Each structure stands twice: as C-alpha cells, then as structure tokens.
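Listing of input33.tsv; format and content: TSV, C-alpha atoms.
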```tsv
chain	number	residue	atom	x	y	z
A	16	MET	CA	-23.47	-60.51	-77.31
A	17	GLU	CA	-19.86	-61.42	-78.05
A	18	THR	CA	-18.81	-61.85	-81.67
A	19	GLN	CA	-16.70	-64.75	-82.82
A	20	GLU	CA	-13.77	-62.36	-83.30
A	21	ASN	CA	-14.00	-61.26	-79.67
A	22	ILE	CA	-14.06	-64.86	-78.51
A	23	ILE	CA	-10.94	-65.69	-80.56
A	24	GLU	CA	-9.17	-62.62	-79.18
A	25	LYS	CA	-9.99	-63.56	-75.58
A	26	LYS	CA	-8.83	-67.15	-76.09
A	27	CYS	CA	-5.57	-65.96	-77.64
A	28	PHE	CA	-4.77	-63.59	-74.79
A	29	HIS	CA	-5.86	-66.17	-72.21
A	30	LEU	CA	-3.37	-68.64	-73.72
A	31	LEU	CA	-0.59	-66.05	-73.41
A	32	GLN	CA	-1.57	-65.24	-69.82
A	33	LYS	CA	-1.61	-68.92	-68.91
A	34	ALA	CA	1.90	-69.39	-70.30
A	35	ILE	CA	3.24	-66.37	-68.40
A	36	ASP	CA	1.68	-67.60	-65.15
A	37	ALA	CA	3.28	-71.00	-65.73
A	38	ASP	CA	6.69	-69.36	-66.32
A	39	ALA	CA	6.92	-70.94	-69.79
A	40	THR	CA	9.39	-69.61	-72.35
A	41	ASP	CA	7.50	-70.83	-75.43
A	42	ILE	CA	4.03	-71.87	-76.56
A	43	HIS	CA	3.79	-74.59	-79.23
A	44	LEU	CA	0.68	-75.17	-81.36
A	45	VAL	CA	1.32	-78.41	-83.21
A	46	PRO	CA	-1.09	-79.80	-85.88
A	47	MET	CA	-2.17	-83.40	-85.31
A	48	GLU	CA	-4.66	-85.75	-86.98
A	49	ASP	CA	-7.58	-84.80	-84.75
A	50	GLY	CA	-6.72	-81.21	-83.84
A	51	TYR	CA	-3.85	-79.14	-82.46
A	52	GLY	CA	-1.67	-80.11	-79.51
A	53	LEU	CA	-0.88	-77.32	-77.04
A	54	TYR	CA	2.48	-77.34	-75.29
A	55	HIS	CA	4.48	-75.17	-72.91
A	56	LYS	CA	8.25	-75.19	-73.09
A	57	LYS	CA	10.07	-74.80	-69.79
A	58	SER	CA	13.84	-74.92	-69.92
A	59	VAL	CA	14.41	-77.80	-72.37
A	60	LYS	CA	11.21	-79.75	-71.70
A	61	LEU	CA	7.87	-79.65	-73.53
A	62	GLU	CA	4.77	-80.06	-71.35
A	63	ARG	CA	1.48	-80.90	-73.01
A	64	ILE	CA	-1.27	-78.69	-71.59
A	65	GLY	CA	-4.23	-79.54	-73.81
A	66	GLN	CA	-5.69	-79.76	-77.28
A	67	LEU	CA	-7.62	-77.41	-79.57
A	68	PRO	CA	-10.11	-78.13	-82.38
A	69	PRO	CA	-8.46	-77.51	-85.77
A	70	GLN	CA	-10.74	-74.63	-86.79
A	71	LEU	CA	-10.23	-72.81	-83.48
A	72	ALA	CA	-6.46	-73.28	-83.58
A	73	THR	CA	-6.32	-72.01	-87.18
A	74	ARG	CA	-8.26	-68.87	-86.23
A	75	MET	CA	-6.01	-68.28	-83.21
A	76	ILE	CA	-2.83	-68.62	-85.28
A	77	SER	CA	-4.28	-66.15	-87.80
A	78	PHE	CA	-4.97	-63.69	-84.96
A	79	TYR	CA	-1.39	-63.98	-83.67
A	80	LYS	CA	-0.15	-63.42	-87.25
A	81	PHE	CA	-2.39	-60.35	-87.51
A	82	LEU	CA	-0.90	-58.92	-84.30
A	83	SER	CA	2.58	-59.52	-85.75
A	84	SER	CA	1.74	-57.82	-89.09
A	85	LEU	CA	2.17	-61.07	-91.02
A	86	ASP	CA	0.24	-62.22	-94.08
A	87	ILE	CA	-2.73	-64.13	-92.64
A	88	SER	CA	-3.85	-65.30	-96.10
A	89	ASP	CA	-0.61	-67.15	-96.84
A	90	ARG	CA	-0.29	-70.49	-95.07
A	91	ARG	CA	2.15	-72.05	-97.53
A	92	LYS	CA	5.39	-70.34	-96.51
A	93	PRO	CA	7.18	-69.88	-93.18
A	94	GLN	CA	6.69	-66.49	-91.53
A	95	SER	CA	8.05	-64.81	-88.41
A	96	GLY	CA	7.28	-61.60	-86.57
A	97	SER	CA	6.62	-60.18	-83.14
A	98	PHE	CA	4.09	-58.20	-81.13
A	99	HIS	CA	3.94	-56.66	-77.68
A	100	LYS	CA	1.36	-56.63	-74.91
A	101	LYS	CA	1.12	-55.87	-71.19
A	102	PHE	CA	0.29	-58.64	-68.71
A	103	ASN	CA	0.39	-58.42	-64.91
A	104	SER	CA	1.51	-54.76	-65.16
A	105	SER	CA	4.61	-55.83	-67.14
A	106	ASN	CA	5.36	-55.42	-70.83
A	107	TYR	CA	6.08	-58.58	-72.81
A	108	SER	CA	7.37	-59.34	-76.30
A	109	PHE	CA	5.98	-62.31	-78.21
A	110	ARG	CA	7.91	-63.60	-81.21
A	111	ILE	CA	5.85	-65.87	-83.43
A	112	SER	CA	7.18	-68.32	-85.99
A	113	THR	CA	4.88	-70.27	-88.30
A	114	ILE	CA	5.71	-73.11	-90.65
A	115	PRO	CA	3.40	-75.14	-92.92
A	116	SER	CA	2.97	-78.88	-92.43
A	117	ILE	CA	1.07	-81.36	-94.59
A	118	HIS	CA	-2.43	-80.39	-95.75
A	119	VAL	CA	-1.41	-76.69	-95.39
A	120	ASN	CA	-1.88	-76.82	-91.61
A	121	GLU	CA	0.40	-74.32	-89.90
A	122	SER	CA	2.45	-75.05	-86.83
A	123	ALA	CA	3.17	-72.04	-84.61
A	124	VAL	CA	5.70	-71.35	-81.87
A	125	ILE	CA	5.49	-68.23	-79.70
A	126	ARG	CA	8.56	-67.14	-77.72
A	127	ILE	CA	7.79	-65.11	-74.57
A	128	GLN	CA	10.14	-62.45	-73.23
A	129	GLN	CA	9.63	-59.76	-70.62
A	130	HIS	CA	10.73	-56.24	-71.50
A	131	ASP	CA	13.73	-54.76	-69.69
A	132	ARG	CA	14.29	-57.99	-67.80
A	133	ILE	CA	18.02	-57.81	-67.22
A	134	VAL	CA	19.95	-60.38	-65.21
A	135	SER	CA	23.29	-59.05	-64.03
A	136	LEU	CA	26.40	-61.02	-64.99
A	137	ASP	CA	27.07	-61.74	-61.33
A	138	GLN	CA	23.59	-63.25	-60.94
A	139	LEU	CA	23.80	-65.12	-64.23
A	140	CYS	CA	27.08	-66.93	-63.56
A	141	ILE	CA	27.29	-69.63	-60.91
A	142	GLU	CA	31.04	-69.06	-60.54
A	143	PRO	CA	32.28	-65.48	-59.90
A	144	THR	CA	35.32	-66.26	-62.08
A	145	TRP	CA	33.11	-66.57	-65.16
A	146	ALA	CA	31.51	-63.16	-64.52
A	147	SER	CA	34.97	-61.64	-64.15
A	148	LEU	CA	36.14	-63.16	-67.45
A	149	LEU	CA	33.06	-61.93	-69.31
A	150	LYS	CA	33.49	-58.43	-67.90
A	151	GLN	CA	37.15	-58.45	-68.91
A	152	SER	CA	36.35	-59.36	-72.52
A	153	ILE	CA	33.37	-57.03	-72.94
A	154	ALA	CA	35.57	-54.11	-71.84
A	155	LYS	CA	37.76	-54.47	-74.97
A	156	GLN	CA	37.62	-51.63	-77.49
A	157	GLN	CA	37.28	-53.72	-80.65
A	158	GLY	CA	36.93	-57.25	-81.92
A	159	LEU	CA	34.36	-60.01	-82.22
A	160	PHE	CA	32.71	-61.34	-79.04
A	161	LEU	CA	30.83	-64.57	-79.81
A	162	VAL	CA	28.22	-66.06	-77.49
A	163	THR	CA	27.44	-69.63	-78.52
A	164	GLY	CA	25.29	-72.56	-77.53
A	165	PRO	CA	22.26	-74.50	-78.77
A	166	THR	CA	18.70	-73.17	-78.80
A	167	GLY	CA	17.40	-72.63	-75.27
A	168	SER	CA	20.81	-72.31	-73.64
A	169	GLY	CA	20.26	-68.71	-72.51
A	170	LYS	CA	22.28	-66.84	-75.16
A	171	THR	CA	19.75	-64.02	-75.47
A	172	THR	CA	19.72	-63.44	-71.70
A	173	THR	CA	23.52	-63.35	-71.65
A	174	ILE	CA	23.87	-60.97	-74.59
A	175	TYR	CA	21.44	-58.47	-73.04
A	176	SER	CA	23.26	-58.76	-69.70
A	177	LEU	CA	26.51	-57.92	-71.51
A	178	THR	CA	24.97	-54.90	-73.25
A	179	ALA	CA	23.53	-53.66	-69.95
A	180	HIS	CA	27.01	-53.92	-68.39
A	181	CYS	CA	28.45	-51.92	-71.30
A	182	VAL	CA	25.90	-49.13	-70.82
A	183	ASN	CA	25.54	-49.01	-67.04
A	184	GLU	CA	29.06	-49.87	-65.87
A	185	LEU	CA	31.31	-48.85	-68.78
A	186	GLY	CA	29.33	-45.85	-70.06
A	187	ARG	CA	29.49	-47.02	-73.67
A	188	HIS	CA	27.14	-46.31	-76.58
A	189	VAL	CA	25.52	-49.58	-77.70
A	190	ILE	CA	23.46	-49.98	-80.88
A	191	THR	CA	21.77	-53.25	-81.80
A	192	LEU	CA	20.82	-54.64	-85.20
A	193	GLU	CA	18.16	-57.34	-84.81
A	194	ASP	CA	15.76	-59.34	-86.97
A	195	PRO	CA	13.33	-58.83	-85.39
A	196	VAL	CA	13.75	-56.81	-82.17
A	197	GLU	CA	12.50	-59.47	-79.77
A	198	ASN	CA	12.88	-57.62	-76.51
A	199	PRO	CA	12.87	-53.79	-76.34
A	200	HIS	CA	15.24	-52.34	-73.72
A	201	LYS	CA	15.34	-48.74	-72.54
A	202	HIS	CA	19.14	-48.72	-72.24
A	203	LEU	CA	19.69	-49.65	-75.91
A	204	LEU	CA	19.27	-48.00	-79.29
A	205	GLN	CA	17.71	-50.89	-81.19
A	206	ILE	CA	17.45	-51.08	-85.00
A	207	GLN	CA	15.18	-53.63	-86.67
A	208	VAL	CA	16.01	-55.22	-90.02
A	209	ASN	CA	13.22	-54.57	-92.53
A	210	GLU	CA	14.07	-55.76	-96.02
A	211	ARG	CA	10.87	-54.38	-97.57
A	212	ALA	CA	11.67	-50.90	-96.25
A	213	GLY	CA	15.25	-51.09	-97.48
A	214	MET	CA	16.75	-51.72	-94.03
A	215	SER	CA	18.84	-54.82	-94.72
A	216	TYR	CA	21.69	-55.98	-92.49
A	217	ALA	CA	24.19	-54.27	-94.81
A	218	ALA	CA	22.21	-51.00	-94.94
A	219	GLY	CA	21.59	-51.10	-91.20
A	220	LEU	CA	25.28	-51.58	-90.44
A	221	LYS	CA	26.28	-48.65	-92.67
A	222	ALA	CA	23.78	-46.44	-90.83
A	223	ILE	CA	24.99	-47.66	-87.43
A	224	LEU	CA	28.66	-46.99	-88.24
A	225	ARG	CA	27.78	-43.35	-89.00
A	226	HIS	CA	26.06	-43.09	-85.60
A	227	SER	CA	29.26	-43.30	-83.54
A	228	PRO	CA	28.69	-46.56	-81.64
A	229	ASP	CA	31.17	-48.06	-79.18
A	230	VAL	CA	29.54	-51.51	-79.23
A	231	ILE	CA	27.43	-53.06	-81.98
A	232	MET	CA	25.19	-55.97	-81.06
A	233	ILE	CA	24.04	-58.17	-83.97
A	234	GLY	CA	21.25	-60.39	-82.72
A	235	GLU	CA	22.26	-63.67	-84.39
A	236	ILE	CA	24.59	-64.87	-87.12
A	237	ARG	CA	22.44	-67.16	-89.23
A	238	ASP	CA	23.87	-66.79	-92.73
A	239	ALA	CA	27.00	-65.81	-94.67
A	240	GLU	CA	25.90	-62.20	-95.20
A	241	THR	CA	25.42	-61.55	-91.49
A	242	ALA	CA	28.72	-63.26	-90.65
A	243	LYS	CA	30.63	-61.06	-93.12
A	244	ILE	CA	28.92	-57.95	-91.75
A	245	ALA	CA	29.90	-58.86	-88.18
A	246	VAL	CA	33.54	-59.37	-89.18
A	247	GLN	CA	33.65	-56.16	-91.22
A	248	ALA	CA	32.23	-54.16	-88.31
A	249	SER	CA	34.77	-55.62	-85.89
A	250	LEU	CA	37.59	-54.65	-88.28
A	251	THR	CA	36.48	-51.00	-88.29
A	252	GLY	CA	37.48	-50.47	-84.65
A	253	HIS	CA	34.25	-51.48	-82.93
A	254	LEU	CA	33.41	-54.23	-80.48
A	255	VAL	CA	30.81	-56.50	-82.08
A	256	LEU	CA	28.72	-58.72	-79.82
A	257	THR	CA	26.70	-61.51	-81.41
A	258	THR	CA	25.35	-65.05	-80.99
A	259	VAL	CA	26.04	-68.21	-82.97
A	260	HIS	CA	24.30	-71.57	-82.75
A	261	ALA	CA	27.06	-74.11	-82.06
A	262	LYS	CA	27.85	-76.85	-79.56
A	263	ASP	CA	31.05	-75.39	-78.10
A	264	PRO	CA	33.78	-72.78	-78.80
A	265	ILE	CA	35.51	-74.99	-81.37
A	266	GLY	CA	32.22	-75.60	-83.14
A	267	CYS	CA	31.59	-71.85	-83.12
A	268	LEU	CA	34.80	-71.20	-85.08
A	269	TYR	CA	34.00	-73.93	-87.58
A	270	ARG	CA	30.47	-72.58	-87.91
A	271	MET	CA	31.89	-69.16	-88.80
A	272	MET	CA	34.13	-70.80	-91.39
A	273	ASP	CA	31.07	-72.54	-92.84
A	274	PHE	CA	29.68	-69.04	-93.37
A	275	GLY	CA	32.73	-68.12	-95.46
A	276	ILE	CA	34.88	-66.45	-92.79
A	277	SER	CA	38.54	-67.37	-93.15
A	278	ALA	CA	40.78	-68.60	-90.34
A	279	GLU	CA	42.89	-65.45	-90.74
A	280	GLU	CA	39.85	-63.18	-90.34
A	281	LEU	CA	38.89	-65.07	-87.18
A	282	ARG	CA	42.46	-64.74	-85.91
A	283	GLN	CA	42.34	-60.98	-86.38
A	284	THR	CA	38.86	-60.37	-84.97
A	285	ALA	CA	37.77	-62.91	-82.33
A	286	VAL	CA	38.48	-61.67	-78.79
A	287	CYS	CA	36.21	-63.99	-76.83
A	288	ILE	CA	34.10	-67.10	-77.38
A	289	SER	CA	31.68	-67.96	-74.60
A	290	ALA	CA	29.73	-71.22	-74.71
A	291	GLN	CA	27.00	-71.85	-72.15
A	292	ARG	CA	24.33	-74.19	-70.84
A	293	LEU	CA	21.47	-73.59	-68.43
A	294	ILE	CA	21.00	-75.63	-65.27
A	295	ARG	CA	18.27	-75.44	-62.67
A	296	LYS	CA	19.36	-74.71	-59.10
A	297	PRO	CA	17.75	-76.33	-56.05
A	298	ASP	CA	15.53	-73.28	-55.51
A	299	GLY	CA	14.14	-73.71	-59.04
A	300	ALA	CA	15.96	-70.71	-60.53
A	301	LEU	CA	17.94	-71.08	-63.74
A	302	SER	CA	21.64	-70.23	-63.90
A	303	ALA	CA	24.30	-70.69	-66.55
A	304	VAL	CA	27.59	-72.54	-66.70
A	305	PHE	CA	30.19	-71.18	-69.10
A	306	GLU	CA	33.21	-72.31	-71.09
A	307	ILE	CA	35.07	-69.11	-71.96
A	308	TYR	CA	37.98	-68.80	-74.38
A	309	GLN	CA	39.96	-65.57	-74.45
A	310	GLU	CA	43.53	-64.28	-74.70
A	311	GLU	CA	46.16	-67.08	-74.66
A	312	GLN	CA	43.69	-69.95	-74.68
A	313	LEU	CA	41.78	-68.44	-77.60
A	314	GLU	CA	45.00	-67.65	-79.46
A	315	ARG	CA	46.12	-71.29	-79.25
A	316	LEU	CA	42.72	-72.36	-80.55
A	317	LYS	CA	42.84	-69.91	-83.47
A	318	GLN	CA	46.44	-70.84	-84.33
A	319	SER	CA	45.57	-74.54	-84.44
A	320	LEU	CA	42.65	-73.68	-86.70
A	321	LYS	CA	44.81	-71.58	-89.02
A	322	ASN	CA	47.49	-74.28	-89.29
A	323	ASN	CA	44.85	-76.96	-89.83
A	324	GLU	CA	46.19	-78.87	-86.83
A	325	PRO	CA	44.07	-81.30	-84.79
A	326	ILE	CA	42.58	-79.70	-81.69
A	327	TYR	CA	42.66	-81.71	-78.46
A	328	LEU	CA	40.93	-80.43	-75.36
A	329	SER	CA	40.30	-82.20	-72.07
A	330	GLU	CA	36.70	-83.11	-71.35
A	331	GLU	CA	36.91	-81.30	-68.02
A	332	GLY	CA	36.71	-77.95	-69.77
A	333	ARG	CA	33.84	-78.79	-72.10
A	334	VAL	CA	30.60	-77.01	-71.41
A	335	GLU	CA	28.55	-80.24	-71.35
A	336	SER	CA	30.87	-81.68	-68.70
A	337	LEU	CA	30.62	-78.48	-66.68
A	338	ALA	CA	26.82	-78.49	-66.86
A	339	SER	CA	26.72	-82.13	-65.80
A	340	LYS	CA	29.18	-81.50	-62.99
A	341	TYR	CA	27.29	-78.54	-61.55
A	342	SER	CA	23.91	-80.24	-61.91
A	343	SER	CA	25.21	-83.31	-60.11
A	344	SER	CA	26.90	-81.35	-57.34
A	345	ARG	CA	23.78	-79.30	-56.66
A	346	ASP	CA	21.41	-82.24	-56.82
A	347	SER	CA	23.42	-84.14	-54.25
A	348	PRO	CA	22.51	-83.70	-50.55
```
Written as structure tokens, how would this file's structure read?
Amino acid sequence: METQENIIEKKCFHLLQKAIDADATDIHLVPMEDGYGLYHKKSVKLERIGQLPPQLATRMISFYKFLSSLDISDRRKPQSGSFHKKFNSSNYSFRISTIPSIHVNESAVIRIQQHDRIVSLDQLCIEPTWASLLKQSIAKQQGLFLVTGPTGSGKTTTIYSLTAHCVNELGRHVITLEDPVENPHKHLLQIQVNERAGMSYAAGLKAILRHSPDVIMIGEIRDAETAKIAVQASLTGHLVLTTVHAKDPIGCLYRMMDFGISAEELRQTAVCISAQRLIRKPDGALSAVFEIYQEEQLERLKQSLKNNEPIYLSEEGRVESLASKYSSSRDSP
C-alpha cells in the first residue's frame, strides 16, 4: 500500500516529466482562491494545463523544496535552489524559486534545463555574421563581455555556447561562478556561491584568480557587489563573461552604472555587448537575433556615455526591430 509521501513524490516527478515531454522551459504553481493554477511556459507564453487542490499543491512545493535543500518549514520568505534528476535517459537540472503570497501561500516556479545541452554559435545565430562577431569578441584575452536581454531571451543558452567555444575551439581554461549552478557541464569547472559555507562572490573570485583561469564566467550581474567583482576581474587581465537584464546595449551600460560602475570603468573594460531576442522558426525551432556592439561602434557608445552626450541610434539596428523583421520575413510565404 502506497504511503501519502510516495503519492506526493510520484505526482511531483510526473509533473516534471509532463513538462519535459511538452518541451516547456518552466513550470508555474500559482496560488488562487480555490486552489493552485498549473502552467507551462513555452518561449514567452504561459499555457494553463490544470489546477491542483491547495493541500496537494502545498505538499508538492514542500517536496520540491526538500529536493533543493531549502527550508520547508519557512513559507514567509523567498527561497531559491536547484536539484537534478534523470528523465528519458537524460540528466536535467531544475531550479526552483518560491515566494510567499497573501495568507502565506507560496507560489513556485521551476526552471527546466538539460545537462550538457550545448547549441553551437553557428546553430544559435540566424545570420552567420552574428556568429562571426561573437567568435571574434570571445577570442579577446581580457575585458568584459556582456550578454543582455530580458528574462526568457536565451541569455543562458548563449553564454554556455560561448564557454563551449572557448574550451573546444580556443583551448582556454574556463571557470564559472554561479548562484546557483543551474546547468552542470562537463567542459567547465563550475563553482557555486554558498554564503553559509563562506563561499561568497568575493571569496569565490579570489579563489578563481589563484586557479589560473583564461575566462571567468559570472552567471548573472544582479547587484552592485557582483558588478564590482566582474569589473575587478576584467581589470586583472582576464576575459569575464556575464549576463545582465536590460532591454538593449545602451540599457545594459546604464544598468551597470546603476550598480555603481563608472563610465570610465566601462570604457576600460567593456569589449562586447550582445543583446538578443528569441524567435520561432517555421519548423518550430527557436533561434536568436542579435544586436552586437564591439570595437568602433562600442567605443562611440562608451564615449557618448562618458561625455554625457545624447545617444541616437537608428531603429533598424535595435534588437526589437530585428526580431520583428526576422519573424515577419519567416512568417511570410
């Protein structure tokens, strides 16, 4: 006879399997008045797939938190973590984020990523020119390489494609500093931030710099401390690859300044800013369009920023216009 714990475990894993089979990138468990809404996220769209009773949903969220080594007794503060499991003979990472809503009901989002799933830069870019520009910038010996775009624009896929190119094509030693390590890769030495164990971003970077890296990948710049660490590492003679949430390359620079990085520091360190959007091709596959600033174009942008001059750019080069253009051209007969 199955225990209630076994039933909860089976339902949790069945929900993950169902999302993988549906090619969803995220699972959303959203508290409502009469239960929990279940959603799959595909590209930028949420698809409702069902509803769960509140008690069952609460038990399932607690089980996912247990797998992620989170505090299952605390439902009053946001928590995030990750766990790993094999489905369909493939290893997957699941990053869970919980946040309390009214009446102490938790909302949970689970991000799904397949281990060692690397898309080459040539496959990722619709235009070969973009792949060539990315390869040119990632081959630099030092500086700050910023990948930017909103949530769900494919930044994580791009940054792992760039690290794979560094290892496989350029023969370089890449070390990552992530919070948490969302997607383990065999070709990378990955370090996970763990504040409770004394492995902060600052401590992790000091350890990495003593480990003779050629390229340092910092998963995401989300606060002033991480931004300063990324700039400091790029000034020590290393190439630093990281992601920033911003609308476009200009917004990326302003976002870094919001984190306390000066225009002069950006002038000295930034070697490439790549903004991107995902579009769906006629065969259903996702590809990315890019707006890439490097060398002379990036220098003009940084100089305008330093001199506090207004920045005027034609709409033709903006990443939203490019995404719209390519979507329209590929939807047309």
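Closest to Leu281 in chain A among A:Gly158, A:Glu311, A:Val182, A:His202 is A:Gly158, based on all atoms listed in the file.
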Name all residues at most 12 Å from Glu210 in chain A (count all atoms listed in the file; drop same-chain ones fewer than 6 positions away) and give them as an MDAnalysis selection string. chainID A and resid 194:195 216:219
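Residue nearest Leu136 in chain A, chosen from A:His180, A:Arg292, A:His253, A:Arg74 and counting only C-alpha atoms: A:His180.
The coordinates place CA of Thr172 in chain A at 7.2 Å from CA of Val134 in chain A.
Proximity of A:Arg295, A:Arg126, A:Lys60, A:Lys243 to Thr171 in chain A, computed with all atoms listed in the file, is greatest for A:Arg126.
Minimum atom-to-atom distance to Leu337 in chain A, evaluated using all atoms listed in the file, belongs to A:Gln291 out of A:Asn323, A:Gln291, A:Gln205, A:Thr166.
For the pair CA of Gly234 in chain A and CA of Leu192 in chain A, the separation is 6.3 Å.
Of the listed residues (A:His29, A:His130, A:Lys100, A:Lys170), A:Lys170 comes nearest to Ser302 in chain A; the distances count all atoms listed in the file.
Put simply, CA of Ile231 in chain A is 5.1 Å away from CA of Ile190 in chain A.
Residue nearest Ile174 in chain A within the list A:Ile127, A:Ile233, A:Ile141, A:Tyr269: A:Ile233 [criterion: smallest interatomic distance, all atoms listed in the file].
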Can you pull out the residues contacting Gln129 in chain A? Cut-off 9 Å, using all atoms listed in the file, and skip same-chain residues under 2 positions away; I want them as an mmCIF file with C-alpha atoms, keeping the file's coordinate frame.
```
data_model
loop_
_atom_site.group_PDB
_atom_site.id
_atom_site.type_symbol
_atom_site.label_atom_id
_atom_site.label_comp_id
_atom_site.auth_asym_id
_atom_site.auth_seq_id
_atom_site.Cartn_x
_atom_site.Cartn_y
_atom_site.Cartn_z
ATOM 1 C CA SER A 105 4.610 -55.830 -67.140
ATOM 2 C CA ASN A 106 5.360 -55.420 -70.830
ATOM 3 C CA TYR A 107 6.080 -58.580 -72.810
ATOM 4 C CA SER A 108 7.370 -59.340 -76.300
ATOM 5 C CA PHE A 109 5.980 -62.310 -78.210
ATOM 6 C CA ILE A 127 7.790 -65.110 -74.570
ATOM 7 C CA ASP A 131 13.730 -54.760 -69.690
ATOM 8 C CA ARG A 132 14.290 -57.990 -67.800
ATOM 9 C CA ASN A 198 12.880 -57.620 -76.510
ATOM 10 C CA PRO A 199 12.870 -53.790 -76.340
#
```
Quick one: residues within 8 Å of Cys140 in chain A, all atoms listed in the file, excluding same-chain residues fewer than 2 positions away - as JSON, numbers by chain? {"A": [136, 137, 138, 142, 143, 145, 146, 302, 303, 304, 305]}
As an mmCIF file with C-alpha atoms, in the frame of the given file, please: the residues near Val162 in chain A (cut-off 8 Å, only C-alpha atoms, same-chain neighbours under 4 positions excluded).
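Contents of result-v7.cif, as written:
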```
data_model
loop_
_atom_site.group_PDB
_atom_site.id
_atom_site.type_symbol
_atom_site.label_atom_id
_atom_site.label_comp_id
_atom_site.auth_asym_id
_atom_site.auth_seq_id
_atom_site.Cartn_x
_atom_site.Cartn_y
_atom_site.Cartn_z
ATOM 1 C CA LYS A 170 22.280 -66.840 -75.160
ATOM 2 C CA THR A 173 23.520 -63.350 -71.650
ATOM 3 C CA ILE A 174 23.870 -60.970 -74.590
ATOM 4 C CA LEU A 256 28.720 -58.720 -79.820
ATOM 5 C CA THR A 257 26.700 -61.510 -81.410
ATOM 6 C CA THR A 258 25.350 -65.050 -80.990
ATOM 7 C CA VAL A 259 26.040 -68.210 -82.970
ATOM 8 C CA ILE A 288 34.100 -67.100 -77.380
ATOM 9 C CA SER A 289 31.680 -67.960 -74.600
ATOM 10 C CA ALA A 290 29.730 -71.220 -74.710
ATOM 11 C CA GLN A 291 27.000 -71.850 -72.150
#
```
Listed atoms of range 105-120 of chain A, axis-aligned box, 6 Å per side: centre and edge lengths to one decimal in Å, as AutoDock Vina command-line options?
```
--center_x 2.7 --center_y -68.4 --center_z -81.4 --size_x 22.3 --size_y 37.9 --size_z 40.6
```
Around the point (9.9, -76.0, -72.6), in the coordinates given by the file, pick out the residues reaching within 10 Å, counting only C-alpha atoms, and return them as a PyMOL selection string. chain A and resi 38-43+54-63+167
Considering only C-alpha atoms, return as a PyMOL selection string whatever protein or nucleic-acid residues lie within 8 Å of range 70-72 of chain A, sequence-local ones (same chain, fewer than 4 positions apart) excluded. chain A and resi 23+44+50-51+76
Export of range 290-296 of chain A: all heavy atoms, as an mmCIF file, in the first residue's frame:
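Here's the written file out.cif:
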```cif
data_model
loop_
_atom_site.group_PDB
_atom_site.id
_atom_site.type_symbol
_atom_site.label_atom_id
_atom_site.label_comp_id
_atom_site.auth_asym_id
_atom_site.auth_seq_id
_atom_site.Cartn_x
_atom_site.Cartn_y
_atom_site.Cartn_z
ATOM 1 N N ALA A 290 23.044 42.042 -27.276
ATOM 2 C CA ALA A 290 21.636 41.952 -26.894
ATOM 3 C C ALA A 290 20.949 40.957 -27.820
ATOM 4 O O ALA A 290 21.314 40.832 -28.996
ATOM 5 C CB ALA A 290 20.969 43.318 -26.992
ATOM 6 N N GLN A 291 19.943 40.257 -27.310
ATOM 7 C CA GLN A 291 19.311 39.221 -28.125
ATOM 8 C C GLN A 291 17.836 39.059 -27.817
ATOM 9 O O GLN A 291 17.345 39.476 -26.768
ATOM 10 C CB GLN A 291 20.032 37.894 -27.929
ATOM 11 C CG GLN A 291 19.898 37.285 -26.545
ATOM 12 C CD GLN A 291 20.675 35.987 -26.413
ATOM 13 O OE1 GLN A 291 21.883 36.010 -26.203
ATOM 14 N NE2 GLN A 291 19.993 34.865 -26.540
ATOM 15 N N ARG A 292 17.141 38.461 -28.772
ATOM 16 C CA ARG A 292 15.756 38.039 -28.618
ATOM 17 C C ARG A 292 15.602 36.685 -29.287
ATOM 18 O O ARG A 292 16.334 36.354 -30.237
ATOM 19 C CB ARG A 292 14.781 39.020 -29.281
ATOM 20 C CG ARG A 292 14.753 40.396 -28.675
ATOM 21 C CD ARG A 292 14.153 40.429 -27.289
ATOM 22 N NE ARG A 292 13.986 41.796 -26.828
ATOM 23 C CZ ARG A 292 14.941 42.524 -26.288
ATOM 24 N NH1 ARG A 292 16.155 42.005 -26.136
ATOM 25 N NH2 ARG A 292 14.713 43.767 -25.892
ATOM 26 N N LEU A 293 14.657 35.890 -28.806
ATOM 27 C CA LEU A 293 14.367 34.603 -29.422
ATOM 28 C C LEU A 293 13.196 34.738 -30.379
ATOM 29 O O LEU A 293 12.225 35.445 -30.104
ATOM 30 C CB LEU A 293 14.013 33.565 -28.350
ATOM 31 C CG LEU A 293 15.151 33.051 -27.463
ATOM 32 C CD1 LEU A 293 14.609 32.033 -26.475
ATOM 33 C CD2 LEU A 293 16.272 32.443 -28.282
ATOM 34 N N ILE A 294 13.271 34.067 -31.513
ATOM 35 C CA ILE A 294 12.139 33.954 -32.424
ATOM 36 C C ILE A 294 11.973 32.481 -32.780
ATOM 37 O O ILE A 294 12.914 31.694 -32.711
ATOM 38 C CB ILE A 294 12.321 34.799 -33.702
ATOM 39 C CG1 ILE A 294 13.473 34.259 -34.570
ATOM 40 C CG2 ILE A 294 12.548 36.265 -33.369
ATOM 41 C CD1 ILE A 294 13.507 34.859 -35.949
ATOM 42 N N ARG A 295 10.763 32.131 -33.157
ATOM 43 C CA ARG A 295 10.478 30.744 -33.527
ATOM 44 C C ARG A 295 10.469 30.612 -35.042
ATOM 45 O O ARG A 295 9.757 31.336 -35.739
ATOM 46 C CB ARG A 295 9.140 30.290 -32.941
ATOM 47 C CG ARG A 295 8.923 28.777 -33.040
ATOM 48 C CD ARG A 295 7.705 28.342 -32.236
ATOM 49 N NE ARG A 295 7.902 28.508 -30.809
ATOM 50 C CZ ARG A 295 8.548 27.618 -30.048
ATOM 51 N NH1 ARG A 295 9.071 26.526 -30.576
ATOM 52 N NH2 ARG A 295 8.680 27.832 -28.751
ATOM 53 N N LYS A 296 11.270 29.689 -35.564
ATOM 54 C CA LYS A 296 11.359 29.481 -36.999
ATOM 55 C C LYS A 296 10.169 28.656 -37.494
ATOM 56 O O LYS A 296 9.444 28.051 -36.699
ATOM 57 C CB LYS A 296 12.687 28.781 -37.323
ATOM 58 C CG LYS A 296 13.901 29.632 -36.957
ATOM 59 C CD LYS A 296 15.172 29.093 -37.569
ATOM 60 C CE LYS A 296 15.585 27.784 -36.924
ATOM 61 N NZ LYS A 296 16.903 27.320 -37.401
#
```
